[in-house]
$ cat coords.txt   # compact mmCIF, C-alpha atoms
# COMPACT_ATOMS: atom_id res chain seq x y z
CA MET A 1 207.54 -38.04 112.80
CA SER A 2 206.26 -35.06 110.84
CA GLN A 3 206.57 -31.47 112.01
CA ILE A 4 203.75 -30.29 114.39
CA PHE A 5 203.97 -26.66 113.19
CA THR A 6 203.94 -25.62 109.54
CA ALA A 7 206.49 -23.18 108.18
CA SER A 8 204.01 -20.28 108.42
CA ALA A 9 202.86 -20.94 112.01
CA ASP A 10 205.30 -18.45 113.46
CA THR A 11 204.03 -15.67 111.18
CA ARG A 12 200.41 -16.46 112.00
CA LEU A 13 201.11 -16.38 115.72
CA ARG A 14 202.81 -13.00 115.37
CA THR A 15 199.93 -11.63 113.31
CA VAL A 16 197.39 -12.71 115.93
CA LEU A 17 199.44 -11.23 118.77
CA LEU A 18 199.79 -7.96 116.83
CA ALA A 19 196.05 -7.94 116.14
CA ILE A 20 195.32 -8.43 119.86
CA PHE A 21 197.73 -5.62 120.71
CA PHE A 22 196.04 -3.19 118.33
CA ALA A 23 192.58 -4.31 119.42
CA LEU A 24 193.48 -3.49 123.04
CA ILE A 25 194.73 -0.02 122.07
CA ALA A 26 191.68 0.60 119.88
CA GLY A 27 189.42 -0.61 122.69
CA GLY A 28 191.09 1.74 125.16
CA LEU A 29 190.81 4.67 122.78
CA PHE A 30 187.18 3.87 122.11
CA ALA A 31 186.32 3.57 125.82
CA GLY A 32 188.07 6.86 126.58
CA GLY A 33 186.42 8.62 123.68
CA TYR A 34 183.03 7.23 124.62
CA MET A 35 183.29 8.38 128.26
CA ASP A 36 184.07 11.92 127.14
CA SER A 37 181.54 12.01 124.32
CA SER A 38 178.31 13.90 124.79
CA TYR A 39 176.56 10.57 124.27
CA ALA A 40 177.87 9.42 127.66
CA THR A 41 178.06 12.77 129.48
CA LEU A 42 174.68 13.94 128.11
CA VAL A 43 176.01 17.46 127.58
CA GLY A 44 173.64 19.37 125.34
CA TRP A 45 171.09 16.57 125.16
CA VAL A 46 167.54 17.65 125.72
CA GLN A 47 165.37 15.32 127.77
CA ASN A 48 161.80 14.62 126.86
CA GLN A 49 159.79 16.44 129.55
CA PRO A 50 156.07 16.21 130.36
CA VAL A 51 155.84 19.99 129.90
CA PRO A 52 158.30 21.80 127.59
CA PHE A 53 159.31 24.24 130.32
CA SER A 54 161.51 27.06 129.06
CA HIS A 55 164.14 28.46 131.41
CA GLU A 56 164.93 30.95 128.63
CA HIS A 57 161.46 32.45 128.96
CA HIS A 58 161.15 32.38 132.74
CA VAL A 59 164.72 33.33 133.68
CA GLY A 60 165.93 35.30 130.67
CA GLY A 61 162.61 36.80 129.60
CA LEU A 62 160.78 37.41 132.87
CA GLY A 63 163.84 37.72 135.09
CA ILE A 64 162.53 35.37 137.76
CA ASP A 65 165.22 34.44 140.27
CA CYS A 66 166.25 30.75 140.38
CA ARG A 67 165.22 30.57 144.03
CA TYR A 68 161.62 31.53 143.26
CA CYS A 69 161.08 27.93 142.12
CA HIS A 70 164.14 26.08 143.46
CA THR A 71 163.28 27.12 146.98
CA THR A 72 165.53 24.85 149.03
CA VAL A 73 168.79 25.54 147.22
CA GLU A 74 170.07 27.76 150.05
CA THR A 75 169.09 25.50 152.90
CA SER A 76 169.36 21.95 151.66
CA LYS A 77 171.47 19.47 149.76
CA HIS A 78 168.86 19.59 146.99
CA ALA A 79 167.96 22.65 144.96
CA GLY A 80 164.37 21.42 145.00
CA LEU A 81 162.05 20.82 142.10
CA PRO A 82 159.12 23.20 142.38
CA ALA A 83 155.86 21.81 143.69
CA THR A 84 153.01 22.12 141.19
CA HIS A 85 151.39 24.96 143.12
CA ILE A 86 154.52 27.05 142.58
CA CYS A 87 153.88 26.81 138.82
CA MET A 88 150.25 27.62 139.49
CA THR A 89 151.13 30.78 141.45
CA CYS A 90 151.24 32.46 138.04
CA HIS A 91 149.54 29.90 135.82
CA SER A 92 146.30 30.02 137.78
CA GLN A 93 145.87 33.29 135.88
CA LEU A 94 148.17 33.01 132.88
CA TRP A 95 147.77 30.58 129.98
CA THR A 96 144.98 28.92 131.92
CA GLY A 97 143.67 27.03 128.90
CA ALA A 98 146.97 26.25 127.18
CA PRO A 99 147.13 22.58 126.16
CA MET A 100 150.87 22.71 126.83
CA LEU A 101 150.13 23.25 130.53
CA ALA A 102 147.48 20.54 130.83
CA PRO A 103 149.81 18.21 132.77
CA VAL A 104 150.38 20.99 135.34
CA ARG A 105 146.65 21.51 135.88
CA GLU A 106 146.08 17.77 136.08
CA SER A 107 148.85 17.48 138.63
CA LEU A 108 147.32 20.21 140.80
CA ALA A 109 143.88 18.62 140.60
CA SER A 110 145.05 15.08 141.31
CA GLY A 111 147.93 15.81 143.68
CA LYS A 112 150.15 13.57 141.57
CA PRO A 113 153.52 15.25 140.96
CA ILE A 114 154.71 16.04 137.45
CA ALA A 115 157.26 13.42 136.43
CA TRP A 116 160.13 15.67 135.33
CA GLN A 117 163.13 13.94 133.82
CA ARG A 118 166.30 14.67 135.72
CA VAL A 119 168.81 16.75 133.72
CA ALA A 120 171.75 17.25 136.09
CA ARG A 121 172.35 14.03 137.95
CA LEU A 122 175.30 12.85 139.99
CA PRO A 123 176.01 9.18 140.61
CA ASP A 124 174.88 7.84 143.98
CA TYR A 125 178.45 7.53 145.24
CA VAL A 126 178.90 11.29 145.09
CA TYR A 127 177.81 13.49 147.97
CA PHE A 128 176.94 16.98 146.83
CA ASP A 129 175.37 19.77 148.85
CA HIS A 130 173.86 22.77 147.06
CA ALA A 131 173.51 24.89 150.21
CA ILE A 132 177.22 25.26 150.98
CA HIS A 133 178.12 26.05 147.37
CA ILE A 134 175.45 28.76 147.24
CA ALA A 135 176.42 30.18 150.63
CA ARG A 136 180.06 30.51 149.55
CA GLY A 137 179.16 32.08 146.24
CA VAL A 138 179.63 29.43 143.58
CA PRO A 139 177.11 30.76 141.05
CA CYS A 140 174.42 28.48 139.62
CA VAL A 141 175.81 29.16 136.16
CA SER A 142 179.16 27.52 137.03
CA CYS A 143 177.61 24.05 136.88
CA HIS A 144 174.25 24.54 135.16
CA GLY A 145 175.36 26.85 132.37
CA ARG A 146 173.39 29.69 130.86
CA VAL A 147 169.95 28.31 131.64
CA ASP A 148 168.57 31.73 130.67
CA LYS A 149 169.49 30.79 127.11
CA MET A 150 168.05 27.28 127.17
CA PRO A 151 164.56 27.02 125.70
CA LEU A 152 164.70 23.38 126.79
CA MET A 153 166.92 22.28 129.62
CA ALA A 154 170.09 20.38 128.82
CA ARG A 155 173.14 19.47 130.82
CA ALA A 156 175.76 22.19 130.41
CA VAL A 157 178.90 20.52 131.65
CA ALA A 158 180.03 16.91 131.88
CA LEU A 159 179.49 16.25 135.56
CA GLN A 160 182.61 14.15 135.84
CA MET A 161 185.07 14.09 138.71
CA GLN A 162 187.59 16.21 136.83
CA PHE A 163 184.99 18.99 136.59
CA CYS A 164 184.45 19.02 140.37
CA LEU A 165 188.20 18.87 141.01
CA GLY A 166 188.76 21.83 138.70
CA CYS A 167 187.25 24.09 141.39
CA HIS A 168 188.12 22.02 144.44
CA ARG A 169 191.80 22.29 143.57
CA ASN A 170 191.56 26.02 142.96
CA PRO A 171 188.65 27.26 145.10
CA ALA A 172 189.69 30.94 145.05
CA ALA A 173 188.86 31.27 141.36
CA ALA A 174 185.43 29.71 141.82
CA LEU A 175 184.20 32.10 144.51
CA HIS A 176 181.91 35.00 143.62
CA PRO A 177 179.90 37.39 145.79
CA PRO A 178 177.16 35.22 147.38
CA ASP A 179 174.56 38.00 147.08
CA GLN A 180 174.76 37.64 143.29
CA VAL A 181 174.89 33.88 143.23
CA THR A 182 171.94 33.46 140.84
CA ARG A 183 173.33 35.95 138.34
CA MET A 184 173.70 34.38 134.90
CA ASP A 185 176.00 36.75 133.02
CA TRP A 186 179.42 37.14 134.62
CA SER A 187 181.18 38.33 131.47
CA ASP A 188 182.24 41.65 133.04
CA TRP A 189 183.64 39.76 136.06
CA ASN A 190 185.54 37.38 133.80
CA LYS A 191 186.73 40.14 131.49
CA HIS A 192 188.21 42.24 134.29
CA PRO A 193 190.11 39.93 136.62
CA GLU A 194 192.01 42.95 138.03
CA THR A 195 188.85 44.18 139.77
CA HIS A 196 188.64 41.10 141.96
CA LYS A 197 192.23 39.93 142.00
CA LEU A 198 192.28 39.22 145.72
CA TYR A 199 188.60 38.44 146.26
CA GLY A 200 188.92 34.68 145.96
CA GLN A 201 192.01 34.37 148.13
CA LEU A 202 190.51 36.65 150.75
CA MET A 203 187.27 34.71 150.85
CA VAL A 204 189.09 31.38 151.06
CA LYS A 205 190.68 32.74 154.24
CA THR A 206 187.48 34.33 155.52
CA TYR A 207 185.43 31.18 155.10
CA GLY A 208 188.19 29.02 156.52
CA ILE A 209 188.39 26.91 153.37
CA GLU A 210 191.42 24.63 153.43
CA PRO A 211 192.35 24.04 149.78
CA ALA A 212 194.67 21.18 150.77
CA LYS A 213 191.72 19.24 152.18
CA LEU A 214 189.22 20.16 149.49
CA ASP A 215 190.32 17.39 147.16
CA ASP A 216 190.35 14.68 149.83
CA CYS A 217 188.34 11.64 148.66
CA ASN A 218 185.94 11.84 151.58
CA ILE A 219 184.89 15.41 150.80
CA CYS A 220 182.63 14.01 148.08
CA HIS A 221 182.71 10.23 148.57
CA ARG A 222 181.30 9.60 152.01
CA MET B 223 206.83 -11.58 133.12
CA THR B 224 206.66 -15.17 134.24
CA ARG B 225 203.73 -17.37 133.44
CA ALA B 226 202.83 -17.66 137.11
CA SER B 227 202.32 -13.91 137.51
CA ALA B 228 200.47 -13.55 134.23
CA LEU B 229 197.62 -15.73 135.42
CA PRO B 230 196.45 -13.54 138.33
CA LEU B 231 196.84 -10.51 136.08
CA SER B 232 194.54 -12.02 133.51
CA LEU B 233 192.03 -12.65 136.30
CA TRP B 234 192.15 -9.02 137.40
CA LEU B 235 190.77 -7.67 134.16
CA PRO B 236 187.38 -9.43 134.32
CA LEU B 237 187.21 -8.54 138.01
CA CYS B 238 187.68 -4.86 137.22
CA LEU B 239 185.20 -4.99 134.37
CA ALA B 240 182.65 -6.47 136.76
CA GLY B 241 182.64 -3.06 138.45
CA CYS B 242 181.19 -1.49 135.32
CA THR B 243 177.61 -2.63 135.87
CA GLY B 244 176.53 0.72 137.30
CA GLU B 245 175.39 -0.62 140.66
CA MET B 246 177.47 1.99 142.45
CA SER B 247 176.06 4.77 140.36
CA GLN B 248 172.44 3.77 140.99
CA GLN B 249 172.43 2.31 144.50
CA PRO B 250 169.40 0.53 145.95
CA ARG B 251 168.18 3.47 148.04
CA TYR B 252 165.68 6.25 147.56
CA ASP B 253 166.98 9.70 146.75
CA SER B 254 164.68 12.70 146.92
CA TYR B 255 162.10 12.70 144.13
CA GLU B 256 162.97 9.15 143.09
CA PRO B 257 159.92 7.12 142.12
CA SER B 258 158.99 4.18 144.34
CA ALA B 259 156.93 1.11 143.59
CA LEU B 260 156.26 0.66 147.32
CA PHE B 261 153.53 3.28 147.55
CA ALA B 262 150.31 3.56 145.61
CA ASP B 263 151.06 7.12 144.47
CA GLY B 264 154.50 6.09 143.18
CA LYS B 265 156.42 8.61 145.28
CA SER B 266 159.32 7.83 147.59
CA LEU B 267 158.86 11.21 149.27
CA GLN B 268 155.63 10.68 151.16
CA ALA B 269 153.69 13.58 152.65
CA PRO B 270 153.61 13.46 156.47
CA PRO B 271 150.28 12.34 157.98
CA GLU B 272 147.65 14.99 158.60
CA GLY B 273 148.27 16.94 161.78
CA THR B 274 152.02 16.36 161.83
CA ILE B 275 153.93 19.19 163.46
CA ALA B 276 157.36 19.96 162.08
CA ARG B 277 160.12 20.38 164.62
CA ASP B 278 160.52 24.04 163.75
CA ASP B 279 156.80 24.81 163.76
CA PRO B 280 156.79 26.37 167.27
CA ASP B 281 159.75 28.56 166.24
CA GLN B 282 157.92 29.63 163.10
CA THR B 283 154.76 30.45 165.05
CA ARG B 284 156.77 32.42 167.59
CA ALA B 285 158.65 34.29 164.86
CA LEU B 286 155.37 35.12 163.17
CA ALA B 287 153.75 36.50 166.32
CA THR B 288 156.21 39.27 167.11
CA ARG B 289 157.75 41.87 164.89
CA PRO B 290 161.55 41.72 165.10
CA PRO B 291 163.36 44.98 165.83
CA MET B 292 164.25 47.03 162.77
CA THR B 293 167.91 46.56 161.87
CA LEU B 294 170.02 47.06 158.77
CA ALA B 295 170.51 43.29 158.54
CA LEU B 296 166.74 42.80 158.55
CA LEU B 297 166.32 45.33 155.74
CA GLU B 298 169.07 43.73 153.70
CA ARG B 299 167.56 40.29 154.12
CA GLY B 300 164.19 41.80 153.20
CA ARG B 301 165.60 43.36 150.06
CA GLU B 302 167.05 40.04 148.93
CA ARG B 303 163.85 38.06 149.65
CA PHE B 304 161.71 40.78 148.08
CA GLY B 305 163.91 40.56 144.98
CA ILE B 306 163.38 36.82 144.73
CA TYR B 307 159.73 36.33 145.57
CA CYS B 308 157.97 39.69 145.10
CA THR B 309 159.55 41.53 142.18
CA PRO B 310 158.10 39.31 139.43
CA CYS B 311 154.72 40.97 140.14
CA HIS B 312 155.32 43.93 142.46
CA ASP B 313 158.45 45.16 140.61
CA GLU B 314 161.57 46.45 142.26
CA ALA B 315 160.06 49.72 143.42
CA GLY B 316 156.74 48.23 144.53
CA TYR B 317 154.39 49.87 142.01
CA GLY B 318 153.01 46.54 140.85
CA ARG B 319 154.42 46.76 137.35
CA GLY B 320 156.46 43.58 137.29
CA THR B 321 157.16 41.36 134.30
CA VAL B 322 154.39 38.90 135.20
CA PRO B 323 151.53 41.46 135.26
CA ALA B 324 153.00 42.72 131.97
CA ARG B 325 152.10 39.28 130.57
CA GLY B 326 148.51 39.51 131.70
CA PHE B 327 148.49 38.57 135.37
CA PRO B 328 146.11 40.88 137.28
CA SER B 329 148.20 43.83 138.51
CA PRO B 330 148.77 43.93 142.24
CA PRO B 331 148.10 47.19 144.07
CA SER B 332 150.97 49.64 144.40
CA PHE B 333 152.60 49.88 147.83
CA HIS B 334 152.65 53.63 147.40
CA THR B 335 149.01 54.28 148.18
CA LYS B 336 147.51 55.84 151.28
CA ARG B 337 145.84 52.57 152.26
CA LEU B 338 149.05 50.51 152.19
CA ARG B 339 151.20 53.25 153.72
CA GLN B 340 148.89 53.22 156.69
CA ALA B 341 148.57 49.43 156.89
CA PRO B 342 150.53 47.92 159.79
CA ALA B 343 153.59 45.78 158.94
CA SER B 344 151.64 42.74 160.14
CA HIS B 345 149.27 43.24 157.19
CA PHE B 346 152.08 42.43 154.72
CA VAL B 347 153.15 39.46 156.82
CA ASP B 348 149.55 38.23 156.80
CA VAL B 349 149.27 38.56 153.04
CA ILE B 350 152.52 36.65 152.48
CA THR B 351 151.34 33.95 154.89
CA LYS B 352 147.80 33.51 153.65
CA GLY B 353 147.80 34.99 150.19
CA HIS B 354 145.38 37.65 149.04
CA GLY B 355 143.00 37.69 146.08
CA VAL B 356 144.81 35.99 143.19
CA MET B 357 148.10 35.97 145.10
CA TYR B 358 148.91 32.53 146.44
CA SER B 359 150.22 31.97 149.94
CA TYR B 360 154.01 32.14 150.11
CA ALA B 361 154.15 30.41 153.48
CA ASP B 362 156.01 27.43 152.03
CA ARG B 363 158.58 29.60 150.26
CA VAL B 364 159.21 32.47 152.66
CA ASP B 365 159.72 31.51 156.28
CA ALA B 366 158.29 33.50 159.17
CA SER B 367 161.27 35.71 159.99
CA ASP B 368 161.77 36.47 156.29
CA ARG B 369 158.16 37.67 156.04
CA TRP B 370 158.90 40.33 158.64
CA ALA B 371 162.09 41.18 156.75
CA ILE B 372 160.09 41.68 153.55
CA ALA B 373 157.53 43.80 155.42
CA ALA B 374 160.37 45.94 156.78
CA TYR B 375 161.78 46.36 153.29
CA ILE B 376 158.35 47.36 151.95
CA ARG B 377 158.39 50.11 154.59
CA ALA B 378 161.77 51.24 153.25
CA LEU B 379 160.39 51.20 149.70
CA GLN B 380 157.41 53.25 150.77
CA LEU B 381 159.67 55.80 152.42
CA SER B 382 161.90 55.89 149.33
CA GLN B 383 158.98 57.04 147.18
CA ASN B 384 157.34 59.37 149.70
CA ALA B 385 160.02 60.95 151.87
CA PRO B 386 159.68 64.57 152.94
CA LEU B 387 162.46 66.80 151.65
CA ALA B 388 163.47 67.55 155.23
CA ALA B 389 164.50 63.90 155.68
CA ALA B 390 167.26 64.18 153.07
CA PRO B 391 170.81 65.10 154.16
CA ALA B 392 171.67 68.78 153.75
CA ASP B 393 173.90 68.38 150.68
CA GLU B 394 171.31 66.25 148.89
CA ARG B 395 168.66 68.78 149.78
CA SER B 396 170.56 71.64 148.19
CA LYS B 397 171.07 69.55 145.06
CA LEU B 398 167.35 68.78 144.93
CA ALA B 399 166.34 72.36 145.69
CA GLY B 400 168.07 73.53 142.52
CA ARG B 401 165.96 71.12 140.49
CA ALA B 402 162.61 71.68 142.19
CA PRO B 403 159.84 72.32 139.68

$ encode --input "coords.txt" --output "structure tokens"
Amino acid sequence: MSQIFTASADTRLRTVLLAIFFALIAGGLFAGGYMDSSYATLVGWVQNQPVPFSHEHHVGGLGIDCRYCHTTVETSKHAGLPATHICMTCHSQLWTGAPMLAPVRESLASGKPIAWQRVARLPDYVYFDHAIHIARGVPCVSCHGRVDKMPLMARAVALQMQFCLGCHRNPAAALHPPDQVTRMDWSDWNKHPETHKLYGQLMVKTYGIEPAKLDDCNICHR
Amino acid sequence: MTRASALPLSLWLPLCLAGCTGEMSQQPRYDSYEPSALFADGKSLQAPPEGTIARDDPDQTRALATRPPMTLALLERGRERFGIYCTPCHDEAGYGRGTVPARGFPSPPSFHTKRLRQAPASHFVDVITKGHGVMYSYADRVDASDRWAIAAYIRALQLSQNAPLAAAPADERSKLAGRAP
């Protein structure tokens, strides 16, 4: 009877096993890299919108408060996309013939809402409530970035679990005075931590926040 | 690792990968603003039928009918709401020189005129509720009690620009007296 395996079979088997081993590592590295890449997190990617609305102009230029348009942010889970007539509060008089605003006028005339493309979106298995974050003084800019510098809206941070946990595990550092919650530029606050050394800790106590419970699964996954 | 335990392990991997289809991330339910194929207008958020009364409507009507007592809390709430909804046109002092009129929107009247100083607080509440001239109604953005708060704050603004010298505390008065023209 002849040999079943040739002399080189052992080497070939080892080569294949080694190749599989490296492929698994490469696959893992690729998957990890992909999940953190801006291609997957959409950070900095501008969506194609029906109207090229500029937060830079309206927030940075005109100084309109976020809540002028996002009216339910203090009272509801959702910040609220403005109804068309909120746009028309000013644009019934300003830029009335601008082709750029044609979809807004059409929407007002027909009653059909403007189909904005969502920029900041959380997966359906995450429960998030804007109202409580605003009431406790987590500024808009913490999650949405400097929208006053965004001519077109893009996601500012990767809305991954580790981002949420960053604050939920250290709530004191995330708290700011609620009466300035829509303020965009906090550079003086960040530059001078000695001026508000105890603010966060004090507010955690005042609000009855229990940091030990804040990273429980069911805080966000319910 | 024995061969017997390797088998279930190799079955686990495809099972875990099956979770990557995104069904959890986009669950079969309607979130606010999500489009829906069920309705002709494509919206999942349908407007309530004509004549529907919201549960808080009676509260809103009641709050609108009577002026709340003047308190510091009311003024502070008024200042905040005024800052959000009024300053783009009326500006922070109420002269009507906001950033939006600067871009060509018809300028609103200043609050510091005889007519508006004499107008009752309910006039401002009415204007916020129903709109006035080119100003849209803010009824959907500013709820009834906040309208009174804004009206109260407008009163404070008016006083701030038209207070008699006698109303200032003594030390402020002496400071001002030195600078009187």

$ atom_distance --input "coords.txt" --atom1 "CA of Ala173 (chain A)" --atom2 "CA of Ile132 (chain A)"
16.3 Å

$ atom_distance --input "coords.txt" --atom1 "CA of Pro291 (chain B)" --atom2 "CA of Phe346 (chain B)"
16.0 Å

$ atom_distance --input "coords.txt" --atom1 "CA of Ala154 (chain A)" --atom2 "CA of Gln47 (chain A)"
7.0 Å

$ residues_around --input "coords.txt" --residues "His345 (chain B)" --least-positions-apart "2" --cutoff "12 Å" --atoms "only C-alpha atoms" --output "list in words"
Leu286, Arg289, Phe333, Arg337, Leu338, Arg339, Gln340, Ala341, Pro342, Ala343, Val347, Asp348, Val349, Ile350, Thr351, Lys352, Gly353, His354, Arg369, Trp370, Ile372, Ala373, Ala374, Ile376 and Arg377 of chain B

$ residues_around --input "coords.txt" --residues "Asp368 (chain B)" --least-positions-apart "5" --cutoff "12 Å" --atoms "all atoms listed in the file" --output "list in words"
Gln282, Ala285, Leu286, Arg289, Pro290, Ala295, Leu296, Leu297, Glu298, Arg299, Gly300, Arg301, Glu302, Arg303, Phe304, Ile306, Tyr307, Phe346, Val347, Ile350, Thr351, Tyr360, Ala361, Asp362, Arg363, Ala373, Ala374 and Tyr375 of chain B

$ write_last_selection --input "coords.txt" --atoms "C-alpha atoms" --output "compact mmCIF listing (two decimals), in the frame of the given file"
# COMPACT_ATOMS: atom_id res chain seq x y z
CA GLN B 282 157.92 29.63 163.10
CA ALA B 285 158.65 34.29 164.86
CA LEU B 286 155.37 35.12 163.17
CA ARG B 289 157.75 41.87 164.89
CA PRO B 290 161.55 41.72 165.10
CA ALA B 295 170.51 43.29 158.54
CA LEU B 296 166.74 42.80 158.55
CA LEU B 297 166.32 45.33 155.74
CA GLU B 298 169.07 43.73 153.70
CA ARG B 299 167.56 40.29 154.12
CA GLY B 300 164.19 41.80 153.20
CA ARG B 301 165.60 43.36 150.06
CA GLU B 302 167.05 40.04 148.93
CA ARG B 303 163.85 38.06 149.65
CA PHE B 304 161.71 40.78 148.08
CA ILE B 306 163.38 36.82 144.73
CA TYR B 307 159.73 36.33 145.57
CA PHE B 346 152.08 42.43 154.72
CA VAL B 347 153.15 39.46 156.82
CA ILE B 350 152.52 36.65 152.48
CA THR B 351 151.34 33.95 154.89
CA TYR B 360 154.01 32.14 150.11
CA ALA B 361 154.15 30.41 153.48
CA ASP B 362 156.01 27.43 152.03
CA ARG B 363 158.58 29.60 150.26
CA ALA B 373 157.53 43.80 155.42
CA ALA B 374 160.37 45.94 156.78
CA TYR B 375 161.78 46.36 153.29

$ interface_residues --input "coords.txt" --of "chain A" --to "chain B" --cutoff "6 Å" --atoms "all atoms listed in the file" --output "PyMOL selection string"
chain A and resi 62+65+68+89+93+123-124

$ residues_around --input "coords.txt" --residues "region 108-117 of chain A" --least-positions-apart "4" --cutoff "12 Å" --atoms "all atoms listed in the file" --output "number ranges by chain"
A: 46-53, 81-89, 91-92, 101-104, 121, 152-155; B: 255-257, 262-269

$ closest_residue --input "coords.txt" --among "B:Leu260, B:Met292, B:Ala315, B:Ile275" --to "Ser332 (chain B)" --atoms "only C-alpha atoms"
B:Ala315

$ closest_residue --input "coords.txt" --among "A:Met100, A:Leu175, A:Met184, A:Leu122" --to "Gly200 (chain A)" --atoms "all atoms listed in the file"
A:Leu175

$ closest_residue --input "coords.txt" --among "B:Thr274, B:Leu294, B:Asp279, B:Leu379" --to "Tyr317 (chain B)" --atoms "only C-alpha atoms"
B:Leu379

$ residues_around --input "coords.txt" --residues "region 208-212 of chain A" --least-positions-apart "3" --cutoff "10 Å" --atoms "only C-alpha atoms" --output "ChimeraX atom specification"
/A:136,167-172,201-205,215-216

$ write_last_selection --input "coords.txt" --atoms "C-alpha atoms" --output "mmCIF file, in the frame of the given file"
data_model
loop_
_atom_site.group_PDB
_atom_site.id
_atom_site.type_symbol
_atom_site.label_atom_id
_atom_site.label_comp_id
_atom_site.auth_asym_id
_atom_site.auth_seq_id
_atom_site.Cartn_x
_atom_site.Cartn_y
_atom_site.Cartn_z
ATOM 1 C CA ARG A 136 180.060 30.510 149.550
ATOM 2 C CA CYS A 167 187.250 24.090 141.390
ATOM 3 C CA HIS A 168 188.120 22.020 144.440
ATOM 4 C CA ARG A 169 191.800 22.290 143.570
ATOM 5 C CA ASN A 170 191.560 26.020 142.960
ATOM 6 C CA PRO A 171 188.650 27.260 145.100
ATOM 7 C CA ALA A 172 189.690 30.940 145.050
ATOM 8 C CA GLN A 201 192.010 34.370 148.130
ATOM 9 C CA LEU A 202 190.510 36.650 150.750
ATOM 10 C CA MET A 203 187.270 34.710 150.850
ATOM 11 C CA VAL A 204 189.090 31.380 151.060
ATOM 12 C CA LYS A 205 190.680 32.740 154.240
ATOM 13 C CA ASP A 215 190.320 17.390 147.160
ATOM 14 C CA ASP A 216 190.350 14.680 149.830
#

$ axis_aligned_box --input "coords.txt" --around "region 186-189 of chain A" --padding-each-side "3 Å" --output "JSON"
{"center_x": 181.5, "center_y": 39.4, "center_z": 133.8, "size_x": 10.2, "size_y": 10.5, "size_z": 10.6}
